[in-house]
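> To start, I am sharing the structure in question, which I have written as structure tokens.
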Amino acid sequence: MTVLVFLDSAFPDGRPADAGVPQLMINDLGVTRGDGIFESLLAVDSVPRKPDAHLDRLASSAQLLELDIPPREAWERAIATALALHAEAEADDAGHAGRAAVKLVVTRGVEGAAAPTAWVQVTVAPDAAAQREAGIKVLLLDRGYDSLSAARAPWLLLGAKTLSYAVNMAALRYARQHGADDAIFTSSDGKVLEGPTSTVVLARERNGVRTLLTPERRSGILAGTTQDALFKAAEAAGWELGYGPLVPEDLFAADGVWLVSSIRLLVPVRSIDGRELPFSAALNSELARLADAAL
Ligand SMILES: Cc1ncc(COP(=O)(O)O)c(C=O)c1O
């Protein structure tokens, strides 16, 4: 079941609507131009995980697109309304609503109108337990931009979570058509970037020092909220942290590589372009536990 709640200034707690019938105008710029932004976060038993980090990133995406979005409080209330409706529909006898995917969407609105269209959507979260346990195969795919494009060409909106995800979905289809489960984008100058829906994290131990690394954000990738929470927890547990730049050889030389994101969480990468990577079930559980505690 999908719950839908529109943000609407006439309804302080949001305006619930029927997700089973058409609700958008055909000239909404989110539909006609993919002009808008979104966030996906996890809720467990109706409690959203790291909502502040997602609302902060929604605000920074909005700034990059010069999009005037509803105030934070309106989002918080609409999320609470949507999660309560979801729990009414999905909760078990003990009152547990389980894992839900919460999507926040804002478009530039109907052509010619001044107001954005904004809504919260809640569905049962897809079950990724098998991937978290067994891992995935990944292909390296060239994104076609160099690692300095974000600063040189801000209109590319690299680093914003825009609704224009057709390219990301095409990369996933390409990976699946070629025997893999997922992809890692590289820049045209050979740097490791991110997955189409995830942040890349690698672990390595050198001379007894354990370090978690992720590609540098200024290379035009999304600032991952899961990676950030994991890094904070890992630092508190004694890990060193590093922020790129990374090249594919760094992935092959690591003790482990993960794709991390809010709904699927930490998924170990078992091979890249058919080359097997080292994998430790113990390290996988350790990092999953750290992330879980942080979230
Ligand atoms: C392109 C991209 N990078 C990274 C991420 C991971 O971000 P987060 O951990 O905040 O979900 C996502 C999540 O959807 C994404 O779409």
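Chain labels follow the order of the structure tokens: the first chain is A, the next B, and so on; residue numbering restarts at 1 in every chain, and ligands are counted from 1 in their shown order.
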Determine which residues of region 52-295 of chain A DSSP labels as strand (DSSP E or B) from the backbone of this structure, then write them out as a ChimeraX atom specification.
/A:99-107,110,117-124,136-142,162,182-186,192,195,198-206,209-213,240-242,256-261,265-272,275-276
> Taking 2 positions as the minimum chain separation for residues in the same chain, which residues sit within 8 Å of Asn27 (chain A) when counting only C-alpha atoms? Answer as a list in words.
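Those residues are Met25, Leu29, Val31, Thr32, Val110 and Glu111 of chain A.
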> Save out the residues we just selected, C-alpha atoms, as an mmCIF file, in the first residue's frame.

data_model
loop_
_atom_site.group_PDB
_atom_site.id
_atom_site.type_symbol
_atom_site.label_atom_id
_atom_site.label_comp_id
_atom_site.auth_asym_id
_atom_site.auth_seq_id
_atom_site.Cartn_x
_atom_site.Cartn_y
_atom_site.Cartn_z
ATOM 1 C CA MET A 25 -1.295 18.054 -13.452
ATOM 2 C CA LEU A 29 7.413 20.759 -14.437
ATOM 3 C CA VAL A 31 6.728 15.613 -15.102
ATOM 4 C CA THR A 32 7.499 17.608 -18.255
ATOM 5 C CA VAL A 110 2.640 23.592 -12.602
ATOM 6 C CA GLU A 111 3.927 25.624 -15.560
#
> How many Å separate CA of Glu235 (chain A) from CA of Ala130 (chain A)?
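Interatomic distance here is 27.4 Å.
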> Using only C-alpha atoms and all ligand atoms, find the one residue out of A:Gly256, A:Gly208, A:Pro215, A:Gly14 that sits nearest to ligand 1.
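With only C-alpha atoms and all ligand atoms as the atom set, the closest residue is A:Pro215.
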> Given only C-alpha atoms and all ligand atoms, how would the per-residue table for chain A near ligand 1 read, listing every residue at most 6 Å away with its closest atom pair and distance in Å to one decimal, sorted by chain and number, as CSV?

residue,atom,partner,partner_atom_place_in_ligand_line,distance
A:Glu194,CA,ligand 1,3 (N),5.8
A:Gly195,CA,ligand 1,3 (N),5.9
A:Pro196,CA,ligand 1,1 (C),4.7
A:Thr197,CA,ligand 1,16 (O),3.4
A:Ser198,CA,ligand 1,4 (C),3.6
A:Thr199,CA,ligand 1,4 (C),4.2
A:Leu222,CA,ligand 1,3 (N),4.8
A:Gly224,CA,ligand 1,7 (O),3.8
A:Thr225,CA,ligand 1,10 (O),3.6
A:Thr226,CA,ligand 1,9 (O),3.7
A:Gln227,CA,ligand 1,9 (O),5.8
A:Val260,CA,ligand 1,9 (O),5.9
A:Ser261,CA,ligand 1,9 (O),3.5
A:Ser262,CA,ligand 1,11 (O),3.7
> So which residues touch Leu55 (chain A) within 9 Å, counting only C-alpha atoms, skipping near sequence neighbours fewer than 4 positions away, as a ChimeraX atom specification?
/A:39,50-51,59-60,72,75-76
> Go ahead and dump the residues you just picked, N, CA and C atoms, as a PDB file, in the first residue's frame.

ATOM      1  N   GLU A  39      14.128  13.061  -1.851  1.00  0.00           N
ATOM      2  CA  GLU A  39      14.908  12.354  -0.826  1.00  0.00           C
ATOM      3  C   GLU A  39      14.239  11.013  -0.585  1.00  0.00           C
ATOM      4  N   LYS A  50      17.506   9.334  10.649  1.00  0.00           N
ATOM      5  CA  LYS A  50      18.250  10.550  10.319  1.00  0.00           C
ATOM      6  C   LYS A  50      17.449  11.541   9.462  1.00  0.00           C
ATOM      7  N   PRO A  51      16.230  11.922   9.954  1.00  0.00           N
ATOM      8  CA  PRO A  51      15.411  12.865   9.170  1.00  0.00           C
ATOM      9  C   PRO A  51      16.104  14.204   8.973  1.00  0.00           C
ATOM     10  N   ALA A  59      17.216  20.692   1.489  1.00  0.00           N
ATOM     11  CA  ALA A  59      17.392  22.149   1.442  1.00  0.00           C
ATOM     12  C   ALA A  59      18.583  22.515   0.565  1.00  0.00           C
ATOM     13  N   SER A  60      19.653  21.722   0.614  1.00  0.00           N
ATOM     14  CA  SER A  60      20.817  22.100  -0.205  1.00  0.00           C
ATOM     15  C   SER A  60      20.565  21.773  -1.673  1.00  0.00           C
ATOM     16  N   ARG A  72      10.788  23.431   6.700  1.00  0.00           N
ATOM     17  CA  ARG A  72      11.139  22.169   7.349  1.00  0.00           C
ATOM     18  C   ARG A  72      10.006  21.597   8.211  1.00  0.00           C
ATOM     19  N   TRP A  75       7.438  19.745   6.371  1.00  0.00           N
ATOM     20  CA  TRP A  75       7.897  18.392   5.998  1.00  0.00           C
ATOM     21  C   TRP A  75       7.774  17.444   7.183  1.00  0.00           C
ATOM     22  N   GLU A  76       8.225  17.934   8.352  1.00  0.00           N
ATOM     23  CA  GLU A  76       8.199  17.062   9.540  1.00  0.00           C
ATOM     24  C   GLU A  76       6.778  16.623   9.853  1.00  0.00           C
TER      25      GLU A  76
END
> List as a PyMOL selection string the protein and nucleic acid residues near region 127-129 of chain A, meaning an atom at most 9 Å away when only C-alpha atoms are counted, but skip any in the same chain fewer than 2 places from it.
chain A and resi 99+124-125+131-134+263-265+267
> Could you please write out, as a PyMOL selection string, every residue of region 107-161 of chain A that DSSP assigns to alpha helix (DSSP H)?
chain A and resi 129-134+149-152
> Just checking: using only C-alpha atoms, which residue out of A:Leu141, A:Ala97, A:Leu64, A:Ala180 ends up closest to Ala153 (chain A)?
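Ranked by minimum distance to Ala153 (chain A), first place goes to A:Leu64.
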> List the neighbours of Trp119 (chain A) out to 10 Å using only C-alpha atoms; skip same-chain residues closer than 4 positions along the sequence, and give me the result as a PyMOL selection string.
chain A and resi 4-8+14-17+38+75+78-79+82+103-107
> Can you pull out every residue within 12 Å of Tyr174 (chain A), counting only C-alpha atoms, but drop anything in the same chain fewer than 4 positions away, and send it as an MDAnalysis selection string?
chainID A and resid 138:142 167:170 178:184 196
> Store the residues of this selection in a file with C-alpha atoms, as a PDB file, in the first residue's frame.

ATOM      1  CA  VAL A 138      29.298  -4.365  -9.909  1.00  0.00           C
ATOM      2  CA  LEU A 139      30.457  -2.824 -13.208  1.00  0.00           C
ATOM      3  CA  LEU A 140      32.503   0.359 -13.469  1.00  0.00           C
ATOM      4  CA  LEU A 141      30.678   2.717 -15.841  1.00  0.00           C
ATOM      5  CA  ASP A 142      32.015   6.013 -17.211  1.00  0.00           C
ATOM      6  CA  VAL A 167      20.512   8.323 -16.467  1.00  0.00           C
ATOM      7  CA  ASN A 168      21.023   6.538 -13.137  1.00  0.00           C
ATOM      8  CA  MET A 169      18.283   4.023 -13.962  1.00  0.00           C
ATOM      9  CA  ALA A 170      19.772   3.465 -17.439  1.00  0.00           C
ATOM     10  CA  HIS A 178      25.732  -7.271 -18.631  1.00  0.00           C
ATOM     11  CA  GLY A 179      25.583  -9.757 -15.774  1.00  0.00           C
ATOM     12  CA  ALA A 180      26.040  -7.418 -12.797  1.00  0.00           C
ATOM     13  CA  ASP A 181      23.700  -6.181 -10.067  1.00  0.00           C
ATOM     14  CA  ASP A 182      24.780  -2.577  -9.808  1.00  0.00           C
ATOM     15  CA  ALA A 183      27.267   0.008 -11.055  1.00  0.00           C
ATOM     16  CA  ILE A 184      29.950   2.388  -9.840  1.00  0.00           C
ATOM     17  CA  PRO A 196      23.591   5.304  -9.332  1.00  0.00           C
TER      18      PRO A 196
END
> Kindly indicate which residue among A:Val44, A:Leu259, A:Ala281, A:Ala175 lies nearest to Gly95 (chain A), using only C-alpha atoms for the distances.
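Ranked by minimum distance to Gly95 (chain A), first place goes to A:Val44.
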> Restricting the calculation to only C-alpha atoms: of A:Ser46, A:Ser219, A:Ser285, A:Ser271, which residue gets closest to Thr81 (chain A)?
A:Ser46
> Looking at only C-alpha atoms, which of A:Ala100, A:Leu251, A:Ala150, A:Leu157 is the one that sits closest to Gln63 (chain A)?
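Checking each candidate against Gln63 (chain A), we get A:Leu157 as the closest.
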> Find, counting only C-alpha atoms, the residue in A:Gly36, A:Pro22, A:Gly135, A:Gly30 that gets nearest to Trp258 (chain A).
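With only C-alpha atoms as the atom set, the closest residue is A:Gly135.
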> Record the distance separating CA of Ser164 (chain A) and CA of Ile26 (chain A), expressed in Å with one decimal.
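Atom-to-atom, CA of Ser164 (chain A) to CA of Ile26 (chain A), that is 16.8 Å.
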